Structure formats: structure tokens, C-alpha cells
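structure10.cif follows (mmCIF, C-alpha atoms):
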```
data_structure
#
loop_
_atom_site.label_atom_id
_atom_site.label_comp_id
_atom_site.auth_asym_id
_atom_site.auth_seq_id
_atom_site.Cartn_x
_atom_site.Cartn_y
_atom_site.Cartn_z
CA MET A 25 17.44 34.02 -4.33
CA PRO A 26 15.07 31.86 -2.31
CA LEU A 27 15.56 28.18 -1.63
CA LYS A 28 12.99 25.76 -2.94
CA LEU A 29 12.15 23.13 -0.37
CA GLU A 30 10.21 19.97 -1.02
CA ILE A 31 9.35 17.37 1.57
CA VAL A 32 8.01 14.10 0.16
CA THR A 33 6.88 10.92 1.85
CA PRO A 34 5.76 7.78 0.02
CA GLU A 35 2.20 8.85 0.77
CA ALA A 36 2.18 12.45 -0.39
CA ARG A 37 4.07 15.66 -1.01
CA ILE A 38 3.90 17.22 2.44
CA PHE A 39 5.59 20.53 1.77
CA SER A 40 6.57 22.46 -1.32
CA ASP A 41 7.43 26.12 -1.03
CA GLU A 42 10.21 28.67 -1.30
CA VAL A 43 11.98 29.32 1.97
CA ASP A 44 14.97 31.29 3.23
CA THR A 45 16.76 28.51 5.00
CA VAL A 46 16.19 25.05 6.38
CA VAL A 47 17.91 23.23 9.23
CA LEU A 48 17.66 19.47 9.20
CA PRO A 49 18.90 16.56 11.28
CA GLY A 50 21.63 15.15 9.05
CA TYR A 51 23.96 12.24 9.49
CA GLU A 52 26.68 14.33 11.10
CA GLY A 53 24.46 16.51 13.23
CA GLU A 54 22.20 19.41 12.38
CA MET A 55 22.79 20.84 8.96
CA GLY A 56 21.68 24.22 7.72
CA VAL A 57 21.02 24.69 4.02
CA LEU A 58 21.10 28.10 2.36
CA PRO A 59 20.51 28.89 -1.32
CA ALA A 60 23.29 28.02 -3.80
CA HIS A 61 24.51 25.08 -1.79
CA ALA A 62 26.82 22.60 -3.53
CA PRO A 63 25.14 19.39 -4.78
CA LEU A 64 24.92 17.08 -1.80
CA VAL A 65 23.19 13.89 -0.78
CA THR A 66 23.08 12.90 2.85
CA THR A 67 20.98 10.78 5.14
CA LEU A 68 18.29 12.19 7.38
CA LEU A 69 17.85 11.01 10.94
CA PRO A 70 14.57 11.09 12.88
CA GLY A 71 14.28 14.43 14.59
CA GLU A 72 13.31 18.02 14.08
CA LEU A 73 13.41 20.02 10.88
CA ARG A 74 13.22 23.81 11.05
CA ILE A 75 12.11 25.96 8.17
CA THR A 76 12.70 29.71 8.21
CA LYS A 77 10.73 31.89 5.88
CA ALA A 78 10.55 35.68 6.18
CA GLY A 79 11.78 35.59 9.77
CA LYS A 80 9.21 33.00 10.83
CA THR A 81 10.33 29.55 11.89
CA THR A 82 8.19 26.44 11.64
CA GLU A 83 9.12 23.05 13.01
CA MET A 84 8.32 19.62 11.70
CA ALA A 85 8.96 16.17 13.06
CA VAL A 86 10.59 13.95 10.46
CA GLY A 87 11.47 10.30 10.28
CA GLU A 88 14.52 8.78 8.70
CA GLY A 89 15.26 9.38 5.06
CA LEU A 90 17.40 11.20 2.57
CA VAL A 91 18.22 14.78 1.68
CA GLU A 92 19.16 15.90 -1.80
CA VAL A 93 20.53 19.39 -2.31
CA THR A 94 21.12 20.77 -5.79
CA GLY A 95 21.84 24.48 -6.05
CA ASN A 96 18.63 26.19 -5.08
CA THR A 97 16.47 23.12 -4.57
CA THR A 98 16.42 20.96 -1.47
CA ARG A 99 14.41 17.80 -1.49
CA VAL A 100 13.76 15.76 1.60
CA LEU A 101 12.68 12.15 1.28
CA THR A 102 11.36 10.78 4.52
CA ASP A 103 8.93 8.20 5.76
CA MET A 104 7.19 10.59 8.14
CA ALA A 105 6.73 14.35 8.30
CA VAL A 106 4.33 15.97 10.73
CA HIS A 107 3.87 19.67 11.28
CA SER A 108 4.44 20.54 14.90
CA ASP A 109 1.05 22.29 15.07
CA ASP A 110 -0.61 19.09 13.93
CA ILE A 111 0.89 17.03 16.69
CA ASP A 112 -1.69 16.36 19.35
CA GLU A 113 0.47 15.97 22.40
CA LYS A 114 -2.15 14.23 24.48
CA ALA A 115 -3.06 11.76 21.77
CA VAL A 116 0.58 10.97 21.08
CA GLU A 117 1.26 10.48 24.79
CA GLU A 118 -1.67 8.14 25.08
CA ALA A 119 -0.53 6.21 22.03
CA LEU A 120 2.94 5.94 23.50
CA GLU A 121 1.53 4.67 26.79
CA ARG A 122 -0.64 2.14 24.99
CA ALA A 123 2.28 0.98 22.87
CA ARG A 124 4.53 0.49 25.89
CA HIS A 125 1.79 -1.40 27.65
CA SER A 126 1.16 -3.78 24.79
CA LEU A 127 4.89 -4.27 24.36
CA GLU A 128 5.07 -5.54 27.93
CA SER A 129 2.33 -8.07 27.38
CA LEU A 130 3.73 -9.12 24.01
CA LYS A 131 7.32 -9.56 25.06
CA HIS A 132 6.97 -13.20 25.93
CA GLY A 133 4.65 -14.14 23.11
CA GLU A 134 5.51 -15.43 19.70
CA HIS A 135 3.95 -12.65 17.70
CA GLN A 136 7.02 -11.09 16.20
CA GLU A 137 5.05 -8.99 13.78
CA GLU A 138 3.09 -7.32 16.56
CA VAL A 139 6.21 -6.50 18.51
CA ALA A 140 7.71 -4.94 15.39
CA ALA A 141 4.60 -2.83 14.85
CA VAL A 142 4.60 -1.61 18.43
CA MET A 143 8.28 -0.71 18.33
CA ALA A 144 7.75 1.38 15.21
CA MET A 145 4.83 3.11 16.91
CA ILE A 146 6.99 4.01 19.92
CA GLN A 147 9.71 5.50 17.73
CA ARG A 148 7.27 7.68 15.83
CA SER A 149 5.56 8.90 18.97
CA THR A 150 8.78 9.77 20.69
CA ALA A 151 10.00 11.87 17.75
CA GLN A 152 6.71 13.76 17.63
CA LEU A 153 6.65 14.42 21.37
CA HIS A 154 10.20 15.65 21.26
CA VAL A 155 9.43 18.33 18.70
CA LYS A 156 6.26 19.43 20.43
CA ARG A 157 7.81 19.76 23.89
CA LYS A 158 10.94 21.46 22.66
CA ARG A 159 9.00 24.21 20.98
CA ARG A 160 6.90 24.92 24.04
CA THR A 161 9.88 25.55 26.27
CA VAL A 162 11.42 28.06 23.83
CA MET B 13 -45.28 -24.35 -12.84
CA PRO B 14 -44.65 -21.72 -10.17
CA SER B 15 -47.56 -19.57 -9.08
CA THR B 16 -47.64 -15.82 -9.60
CA ARG B 17 -47.06 -15.38 -5.89
CA ASP B 18 -43.80 -17.38 -6.00
CA ILE B 19 -42.55 -15.30 -8.89
CA ARG B 20 -43.46 -12.07 -7.17
CA ARG B 21 -41.44 -13.18 -4.17
CA ARG B 22 -38.46 -14.00 -6.30
CA ILE B 23 -38.62 -10.67 -8.11
CA LYS B 24 -38.54 -8.91 -4.78
CA SER B 25 -35.47 -10.80 -3.57
CA VAL B 26 -33.57 -10.32 -6.82
CA LYS B 27 -34.36 -6.61 -6.68
CA ASN B 28 -32.85 -6.42 -3.20
CA THR B 29 -29.73 -8.23 -4.30
CA ALA B 30 -29.33 -5.87 -7.25
CA GLN B 31 -29.60 -2.92 -4.91
CA ILE B 32 -26.86 -4.24 -2.68
CA THR B 33 -24.46 -5.10 -5.49
CA LYS B 34 -25.06 -1.70 -7.06
CA ALA B 35 -24.16 0.02 -3.81
CA MET B 36 -21.03 -2.10 -3.45
CA GLN B 37 -20.06 -1.24 -7.01
CA LEU B 38 -20.26 2.48 -6.27
CA VAL B 39 -18.25 2.14 -3.08
CA ALA B 40 -15.57 0.12 -4.87
CA ALA B 41 -15.39 2.73 -7.65
CA ALA B 42 -14.79 5.51 -5.14
CA LYS B 43 -12.14 3.48 -3.32
CA MET B 44 -10.45 2.59 -6.58
CA LYS B 45 -10.12 6.26 -7.46
CA LYS B 46 -8.58 6.90 -4.07
CA ALA B 47 -6.14 4.01 -4.40
CA GLN B 48 -5.00 5.24 -7.80
CA ASP B 49 -4.52 8.77 -6.49
CA GLN B 50 -2.50 7.42 -3.63
CA ALA B 51 -0.25 5.52 -6.02
CA ALA B 52 0.24 8.72 -8.02
CA ASN B 53 1.10 10.70 -4.87
CA GLY B 54 3.88 8.31 -4.01
CA ARG B 55 5.46 8.72 -7.40
CA ALA B 56 7.46 11.83 -6.49
CA TYR B 57 9.14 9.83 -3.76
CA ALA B 58 9.97 6.92 -6.04
CA GLU B 59 11.31 9.30 -8.69
CA LEU B 60 13.75 11.05 -6.41
CA MET B 61 14.74 7.77 -4.81
CA ASN B 62 15.58 6.38 -8.23
CA LYS B 63 17.59 9.45 -9.12
CA ILE B 64 19.71 9.20 -6.02
CA LEU B 65 20.16 5.46 -6.49
CA VAL B 66 21.47 5.95 -10.00
CA ALA B 67 23.93 8.57 -8.74
CA LEU B 68 24.96 6.26 -5.92
CA LYS B 69 25.47 3.35 -8.23
CA GLU B 70 28.06 5.39 -10.08
CA SER B 71 30.00 6.39 -7.01
CA ALA B 72 29.69 3.54 -4.54
CA GLU B 73 31.37 0.19 -4.61
CA GLU B 74 28.86 -2.40 -5.61
CA GLY B 75 28.30 -5.79 -4.20
CA VAL B 76 29.54 -5.06 -0.73
CA HIS B 77 26.16 -4.61 0.81
CA PRO B 78 24.46 -7.85 1.98
CA TYR B 79 21.33 -6.84 0.06
CA PHE B 80 23.15 -7.54 -3.19
CA SER B 81 24.00 -11.18 -2.58
CA GLU B 82 21.79 -14.17 -1.96
CA GLY B 83 21.44 -15.41 1.59
CA LYS B 84 23.32 -18.47 2.76
CA GLY B 85 20.20 -20.50 3.49
CA SER B 86 18.26 -22.56 1.00
CA LYS B 87 14.78 -21.38 1.94
CA THR B 88 12.71 -18.84 0.06
CA LEU B 89 10.48 -16.32 1.75
CA VAL B 90 7.37 -15.20 -0.13
CA LEU B 91 5.34 -12.16 0.84
CA VAL B 92 1.78 -12.52 -0.45
CA MET B 93 -0.40 -9.44 -0.76
CA ALA B 94 -4.05 -10.34 -1.04
CA THR B 95 -7.31 -8.72 0.01
CA ASP B 96 -9.02 -8.72 3.38
CA LYS B 97 -12.50 -9.11 1.97
CA GLY B 98 -13.95 -11.32 -0.71
CA LEU B 99 -16.44 -10.53 -3.48
CA CYS B 100 -13.74 -9.28 -5.79
CA GLY B 101 -13.93 -11.78 -8.61
CA ALA B 102 -11.16 -14.28 -9.18
CA LEU B 103 -8.44 -11.92 -7.92
CA ASN B 104 -7.20 -13.92 -4.94
CA THR B 105 -7.76 -17.27 -6.62
CA ASN B 106 -5.64 -16.21 -9.59
CA LEU B 107 -2.87 -15.00 -7.32
CA LEU B 108 -2.77 -18.25 -5.37
CA LYS B 109 -2.93 -20.26 -8.58
CA LYS B 110 0.03 -18.36 -9.96
CA LEU B 111 1.88 -19.01 -6.73
CA ILE B 112 1.22 -22.73 -6.89
CA ASN B 113 2.17 -22.99 -10.53
CA THR B 114 5.42 -21.10 -10.07
CA ARG B 115 8.22 -23.50 -9.31
CA ILE B 116 10.30 -22.27 -6.43
CA GLU B 117 13.18 -24.48 -5.47
CA GLY B 118 13.82 -25.50 -1.90
CA GLU B 119 11.64 -24.94 1.11
CA VAL B 120 9.22 -22.04 0.90
CA GLU B 121 7.84 -20.01 3.77
CA PHE B 122 5.17 -17.37 3.60
CA VAL B 123 4.41 -13.96 5.06
CA THR B 124 1.02 -12.53 4.27
CA ILE B 125 -0.84 -9.24 4.07
CA GLY B 126 -4.61 -9.62 3.90
CA ARG B 127 -6.92 -12.19 5.41
CA LYS B 128 -7.62 -13.98 2.14
CA ALA B 129 -3.92 -14.74 1.70
CA SER B 130 -3.48 -16.30 5.13
CA GLN B 131 -6.73 -18.25 4.80
CA GLY B 132 -5.87 -19.54 1.36
CA LEU B 133 -2.32 -20.51 2.27
CA SER B 134 -3.28 -22.31 5.45
CA ARG B 135 -5.89 -24.23 3.46
CA LEU B 136 -3.05 -25.30 1.16
CA ARG B 137 -1.04 -26.35 4.23
CA LYS B 138 1.83 -23.98 3.58
CA THR B 139 4.21 -22.71 6.25
CA LEU B 140 3.01 -19.32 7.38
CA ILE B 141 5.44 -17.40 9.58
CA ALA B 142 3.66 -14.06 9.94
CA ASP B 143 0.49 -12.28 8.95
CA PHE B 144 0.34 -8.48 8.91
CA PRO B 145 -2.92 -6.58 8.99
CA VAL B 146 -2.81 -3.47 6.80
CA LYS B 147 -5.76 -1.11 6.85
CA ASP B 148 -7.37 0.43 3.84
CA PRO B 149 -6.22 2.99 2.67
CA ALA B 150 -2.74 1.66 3.31
CA LYS B 151 -0.49 3.67 5.61
CA PHE B 152 3.24 3.71 4.91
CA ALA B 153 3.98 3.19 8.60
CA GLU B 154 2.21 -0.16 8.47
CA VAL B 155 4.09 -1.28 5.39
CA ARG B 156 7.38 -0.21 6.91
CA VAL B 157 6.80 -2.71 9.68
CA VAL B 158 6.40 -5.47 7.11
CA GLY B 159 9.51 -4.26 5.30
CA LYS B 160 11.54 -4.28 8.49
CA PHE B 161 10.36 -7.76 9.31
CA ILE B 162 11.30 -9.32 5.99
CA GLN B 163 14.62 -7.48 5.87
CA GLU B 164 15.53 -8.81 9.29
CA LYS B 165 14.57 -12.29 8.16
CA PHE B 166 16.71 -11.93 5.06
CA LEU B 167 19.69 -10.62 6.95
CA SER B 168 19.51 -13.54 9.35
CA GLY B 169 20.82 -15.59 6.42
CA GLU B 170 18.08 -18.17 6.69
CA TYR B 171 16.65 -17.37 3.28
CA LYS B 172 18.14 -17.33 -0.15
CA THR B 173 15.71 -14.90 -1.69
CA VAL B 174 12.59 -12.94 -0.82
CA LEU B 175 9.78 -12.75 -3.36
CA VAL B 176 6.60 -10.70 -3.39
CA ALA B 177 3.36 -11.97 -4.92
CA PHE B 178 0.78 -9.32 -5.68
CA ASN B 179 -1.79 -8.30 -8.27
CA ASN B 180 -0.31 -5.81 -10.67
CA PHE B 181 -2.77 -3.14 -11.71
CA ILE B 182 -2.79 -2.66 -15.49
CA ASN B 183 -6.16 -1.02 -15.89
CA THR B 184 -9.67 -1.29 -14.52
CA VAL B 185 -10.43 -4.59 -16.22
CA THR B 186 -6.97 -6.14 -16.23
CA GLN B 187 -4.99 -7.17 -13.19
CA VAL B 188 -2.05 -9.49 -13.60
CA PRO B 189 -0.88 -11.69 -10.74
CA SER B 190 2.87 -11.09 -10.52
CA ILE B 191 5.78 -12.45 -8.54
CA GLU B 192 8.75 -10.13 -8.16
CA GLN B 193 12.01 -10.57 -6.37
CA ILE B 194 12.63 -7.92 -3.78
CA LEU B 195 15.72 -9.30 -2.04
CA PRO B 196 18.52 -9.57 -2.96
CA VAL B 197 18.24 -6.28 -4.82
CA ASN B 198 19.14 -6.59 -8.45
CA PRO B 199 21.88 -4.00 -9.03
CA VAL B 200 21.24 -3.84 -12.75
CA THR B 201 17.62 -2.78 -12.51
CA LEU B 202 18.20 -0.71 -9.39
CA GLY B 203 16.99 2.79 -10.02
CA GLY B 204 15.69 1.77 -13.41
CA LYS B 205 12.14 1.28 -14.52
CA ARG B 206 10.19 -1.18 -12.45
CA GLY B 207 7.79 -3.42 -14.23
CA PHE B 208 4.85 -2.60 -12.05
CA ASP B 209 4.55 1.15 -11.77
CA GLU B 210 4.83 4.22 -13.89
CA THR B 211 7.89 5.83 -12.45
CA PRO B 212 9.70 7.40 -15.37
CA GLY B 213 12.37 4.94 -16.35
CA GLU B 214 15.78 5.67 -17.71
CA ILE B 215 17.69 8.28 -15.77
CA ASN B 216 20.91 9.20 -17.43
CA ALA B 217 23.68 9.19 -14.87
CA ALA B 218 25.68 11.71 -16.89
CA GLU B 219 22.94 14.33 -16.54
CA LEU B 220 23.00 14.25 -12.77
CA PRO B 221 25.01 16.81 -10.84
CA GLN B 222 28.19 15.67 -9.14
CA TYR B 223 26.85 15.08 -5.69
CA THR B 224 28.96 15.12 -2.58
CA PHE B 225 27.87 12.22 -0.45
CA GLU B 226 27.92 12.81 3.24
CA PRO B 227 29.48 10.99 5.06
CA GLY B 228 30.32 8.80 2.04
CA ALA B 229 28.64 7.04 -0.84
CA SER B 230 28.79 3.61 0.78
CA VAL B 231 27.24 4.75 4.03
CA VAL B 232 24.46 6.60 2.24
CA PHE B 233 23.92 3.53 0.09
CA GLU B 234 23.49 1.39 3.17
CA THR B 235 20.84 3.63 4.63
CA VAL B 236 19.05 4.10 1.34
CA LEU B 237 18.66 0.44 0.49
CA PRO B 238 16.29 -0.49 3.33
CA GLN B 239 14.24 2.59 2.50
CA TYR B 240 14.23 1.62 -1.14
CA VAL B 241 12.91 -1.82 -0.21
CA ASN B 242 10.20 -0.31 1.98
CA GLY B 243 9.22 2.18 -0.70
CA THR B 244 9.02 -0.57 -3.30
CA LEU B 245 6.89 -2.71 -1.03
CA TYR B 246 4.57 0.21 -0.44
CA GLN B 247 4.18 0.83 -4.17
CA MET B 248 3.44 -2.86 -4.67
CA LEU B 249 0.79 -2.79 -1.99
CA LEU B 250 -0.82 0.26 -3.57
CA GLU B 251 -0.93 -1.62 -6.87
CA ALA B 252 -2.52 -4.57 -5.11
CA ARG B 253 -5.09 -2.29 -3.49
CA ALA B 254 -5.96 -0.59 -6.76
CA SER B 255 -6.38 -4.06 -8.29
CA GLU B 256 -8.62 -5.15 -5.47
CA HIS B 257 -11.00 -2.26 -5.78
CA SER B 258 -11.22 -2.28 -9.54
CA SER B 259 -11.72 -6.02 -9.57
CA ARG B 260 -14.47 -5.71 -6.99
CA MET B 261 -16.08 -2.93 -8.96
CA VAL B 262 -16.14 -5.05 -12.11
CA ALA B 263 -17.43 -8.09 -10.24
CA MET B 264 -20.22 -6.07 -8.67
CA LYS B 265 -21.11 -4.46 -11.98
CA ASN B 266 -21.48 -7.92 -13.52
CA ALA B 267 -23.60 -9.02 -10.59
CA THR B 268 -25.86 -6.00 -10.98
CA ASP B 269 -26.20 -6.61 -14.71
CA ASN B 270 -27.05 -10.26 -14.13
CA ALA B 271 -29.64 -9.37 -11.53
CA LYS B 272 -31.24 -6.89 -13.94
CA GLN B 273 -31.38 -9.53 -16.68
CA MET B 274 -32.96 -11.95 -14.23
CA LEU B 275 -35.53 -9.35 -13.24
CA LYS B 276 -36.42 -8.87 -16.88
CA ASP B 277 -36.88 -12.61 -17.45
CA LEU B 278 -38.85 -13.01 -14.27
CA SER B 279 -41.26 -10.17 -15.01
CA LEU B 280 -41.79 -11.56 -18.49
CA GLU B 281 -42.70 -14.91 -16.98
CA TYR B 282 -44.85 -13.23 -14.39
CA ASN B 283 -46.77 -11.25 -17.03
CA LYS B 284 -47.24 -14.35 -19.13
CA LEU B 285 -48.64 -16.26 -16.19
CA ARG B 286 -50.97 -13.44 -15.24
CA GLN B 287 -52.23 -13.10 -18.81
CA ALA B 288 -52.75 -16.87 -18.99
CA ALA B 289 -54.80 -16.72 -15.80
CA ILE B 290 -56.98 -13.89 -17.16
CA THR B 291 -57.51 -15.69 -20.49
CA ASN B 292 -58.41 -18.82 -18.61
CA GLU B 293 -60.97 -17.00 -16.51
CA LEU B 294 -62.52 -15.35 -19.57
CA LEU B 295 -62.72 -18.71 -21.27
CA GLU B 296 -64.48 -20.18 -18.27
CA ILE B 297 -67.00 -17.35 -18.16
CA THR B 298 -67.76 -17.59 -21.88
CA THR B 299 -68.06 -21.37 -21.73
CA ALA B 300 -70.39 -21.14 -18.77
CA LYS B 301 -72.52 -18.54 -20.55
CA MET B 302 -72.69 -20.66 -23.71
CA ALA B 303 -73.69 -23.68 -21.67
CA LEU B 304 -76.59 -21.73 -20.15
CA GLU B 305 -78.00 -20.65 -23.54
#
```

Now that the file is in, can you turn its structure into C-alpha cells?
Amino acid sequence: MPLKLEIVTPEARIFSDEVDTVVLPGYEGEMGVLPAHAPLVTTLLPGELRITKAGKTTEMAVGEGLVEVTGNTTRVLTDMAVHSDDIDEKAVEEALERARHSLESLKHGEHQEEVAAVMAMIQRSTAQLHVKRKRRTV
Amino acid sequence: MPSTRDIRRRIKSVKNTAQITKAMQLVAAAKMKKAQDQAANGRAYAELMNKILVALKESAEEGVHPYFSEGKGSKTLVLVMATDKGLCGALNTNLLKKLINTRIEGEVEFVTIGRKASQGLSRLRKTLIADFPVKDPAKFAEVRVVGKFIQEKFLSGEYKTVLVAFNNFINTVTQVPSIEQILPVNPVTLGGKRGFDETPGEINAAELPQYTFEPGASVVFETVLPQYVNGTLYQMLLEARASEHSSRMVAMKNATDNAKQMLKDLSLEYNKLRQAAITNELLEITTAKMALE
């Protein structure tokens, strides 16, 4: 009995397929979900989500969100989900550098909204880099 | 009486205008389609979010979270979502009008998305505390920043309520300027049907499976609420964007139609003038010939 996994963001349905197992960054650490799991709702933390299907494992970087498990369906609600192959390490690094730089120059200004935007950017970039680098060392 | 040359010049310029408005109409139509698709894509998220909220409402203690009670302050924060560009009919004007005509008690401060909102509000001498640029098509990451900002403001206790003013998309020709309260969250309508989108409404709590909440319903509730607010804001912005493009499309279609009508009138006048000139010349020739005989 396969496990149906759906990953949705407010922008689109990123992933929808049947998989063997999924490991996600839950509130109390990494959580593996196998088919016929008891109904469960938990929070998702920014980090790495691993999908195993037919012996092959794929990684995704996810943002914060929610996980709903009902029997053979797992649905992940998150505000960001990027496939590790789609992460351009160099571009992300550059973005991170740029963000840090502009944060420095903004720190003493009064533009609260810009600081907020830059902080969000840094968080996203860091999560993506983490997933990309981790996979390379394995 | 204008000369034929003047009219020819005018015809040329009107033709150019018609060409431009026609092109803008087509661009707006394509963007409108995209905006509507985007709103539809986000529906799966809203649906599941609602489902979990209904389940949570059953299990968690209500009213403990600060998002459920009004802030201590007396001020009201209003987030206004308008367009960046003009030429979209009376869309922004109607929104601002609605805002002015709505009585909000106490001091009001504004946060804006879209250049037209900040311009309009500063012209009205309102207090503007922040202006967020959001690209088109709207990215959720950008909206999340706005959501974080207003939630922080609300939690600081300075404001009693947070309202959102945006254009609600009904269909291509109808957009209704609406003002909705986003904070404090109304626990009664939470998870239910929202007035402004098509998320399927009533979810029967009894039909839901008995979820285990990890680490506990209250904790999950606390993390879900900010995400719910962000998601709602994003849906509202998508509505506003769909309104913008459809309104622009209609405005440009009207402009094109008007230009075409003008062209018709002008060429009629032009033809009349030309015919009059020919008749005049013929008359002169005949008169001259008769005078010679």
C-alpha cells in the first residue's frame, strides 16, 4: 500500500505522487511517515524533507508549515518547497551575500519593511543552502 | 471649419492611440487569466488550512491566543492593497472612496501595497507607516513579509484591530471595494467560508478524523494562526490583482471602442469636406465655362 504525498504552497501544488515513505522536519525532530499512519496534525519546521520512492531518495527544502496525516495520505502545507536539484547554489549564495550586505546598511535606517524583507530572504536562502550542501557531502 | 489636412492629422493620431489601447487590452487580458489561475492554484492550500482549523477549533481552548482578542491600544491599522500602475478605470478611486466613507473610530494608520495606494493616501494627508512593493505576479514570500509586519504591529498592542482594504474580484466587469477585518481573528468564521474567495465553505467537524495533535492542539494552533493570516492576505492580494487586470482590460476595451467611434466620425467629416471641395471646384469650372459662352 503506497503512501500518497501532497506538498502544497499558497502558490501551487508542488508535489503530488505516491511514495514509499517520507521523512519531514516536525516539531519534535525528524518524523518518518509510513502508510497506515494514525491521523495526525503537527507543525513543520524549515528544513529538509526526504521522499523515498522505489529505493530512490529525493530531497526538498521546505519552509515552515503544517503536516496532516490521515491513513494513507500525507499532506504538507508549507510556504516554500524547493527541489534540491532546482537550488542553484551559487545564485543562493550570492543572494545571501547581497541580503546580508543590505541588512548592514539598513540596520540604522527607519525602513522597517525593508529590514523585514531582507530577514525573510536570509532565512529562505539558508534553508536552501543547507539542503544542497548536505546532499553533496553524502 | 478645419481643413482636410487637419482632419487627416487627427485621424492619424487617433489611430495610434487605438493601437496602443488595443495592445494594452490584450496584455491585461493575458495577465488577468494568469492572476485567476494563480488564485485557483492557492485554493488547495486554503482548503486544507480550513480543514485543520476546524479540527483545531474543536480540540483547542479558544480565546487564549492573543490573535483572538482586540489589542489594548485605540488605534486601527489599515492595510490598503491598490495597483502600482494607473489606467485601470475607477478601481483605485473607488477603493479610496470606500475607505474615506467608512467610519473607523479612533486614530487610523495605514500600510500600503501598490504605488497608487501610497500616493492617494499621502495626498489625503493620512498617516502612512509602511509601503511594501509587491511584484506582479505576486510571490507568497513577498506577502509573508507584509503579514509578518502587521502581525508584529498588532502584537505590540498599539492597535485595536487590523483591517484590509482591497478590491474583491466578482467577475470581469464587477469588482467590489471591500474592507475586511484580519486581526483579531474572528473565531466564529475561522475555517468557514470567507466572503471573498471560493474555498468550499462548510466543513463538518464530525466528518473529520480524530487527529492527534503533536505536540498539542494549543501549540499547533499558535503556529497555524500566523500562517492562516498570511495565507488569507495572499488570497486577498490575488483577488486585488485579478481585479486590477480585469478592470484595466475593460477600461482599455472602452478606450479602443471610443477611438474607433471617433475614427468613424472623423472619416465621415473628412469625406464630406473632400466631397464639398470637389463639388465646389466643379461649380467653379462650370460657372467659368458658362461665363465664357

### Message
To test your reading of the syntax: which residues would the PyMOL selection byres ((chain A) within 10 of (chain B)) return for the file shown? Reply as a PyMOL selection string.
### Response
chain A and resi 31-37+50-52+62-68+88-95+99-104+135-145+148

#### Entry: Distance of atom CA of B:Leu280 from atom CA of B:Leu99, expressed in Å to one decimal place
29.5 Å

Taking 6 positions as the minimum chain separation for residues in the same chain, which residues sit within 7 Å of A:Lys77 when counting all atoms listed in the file? Answer as a CSV table (one decimal) with C-alpha atoms, in the coordinates of the input.
```
chain,number,residue,atom,x,y,z
A,43,VAL,CA,12.0,29.3,2.0
A,44,ASP,CA,15.0,31.3,3.2
A,45,THR,CA,16.8,28.5,5.0
```

## Note on the structure
Students should find that atom CA of A:His125 and atom CA of B:Asp148 are spaced 25.6 Å

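Residues selected in this file by the PyMOL selection byres ((chain B and resi 258-267) around 8) comprise Ala30, Thr33, Lys34, Met36, Gln37, Leu38, Ala40, Ala41, Met44, Leu99, Cys100, Gly101, Leu103, Thr184, Val185, Gln187, Ala254, Ser255, Glu256, His257, Thr268, Asp269, Asn270 and Ala271 of chain B.
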
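Comparing B:Leu237, B:Leu175, B:Ile23, B:Val120 by their smallest distance to B:His77, the closest is B:Leu237 (using only C-alpha atoms).
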
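The nearest approach to B:Lys69 among the residues B:Glu192, B:Arg17, B:Lys46, B:Asn198, with only C-alpha atoms taken into account, belongs to B:Asn198.
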
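The spacing separating atom CA of B:Gln273 from atom CA of B:Lys45 amounts to 28.0 Å.
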
## Note on the structure
Min atom-atom distance to A:His107 from the set A:Ala123, A:Met25, A:Ile38, A:Leu48, counting all atoms listed in the file, belongs to A:Ile38
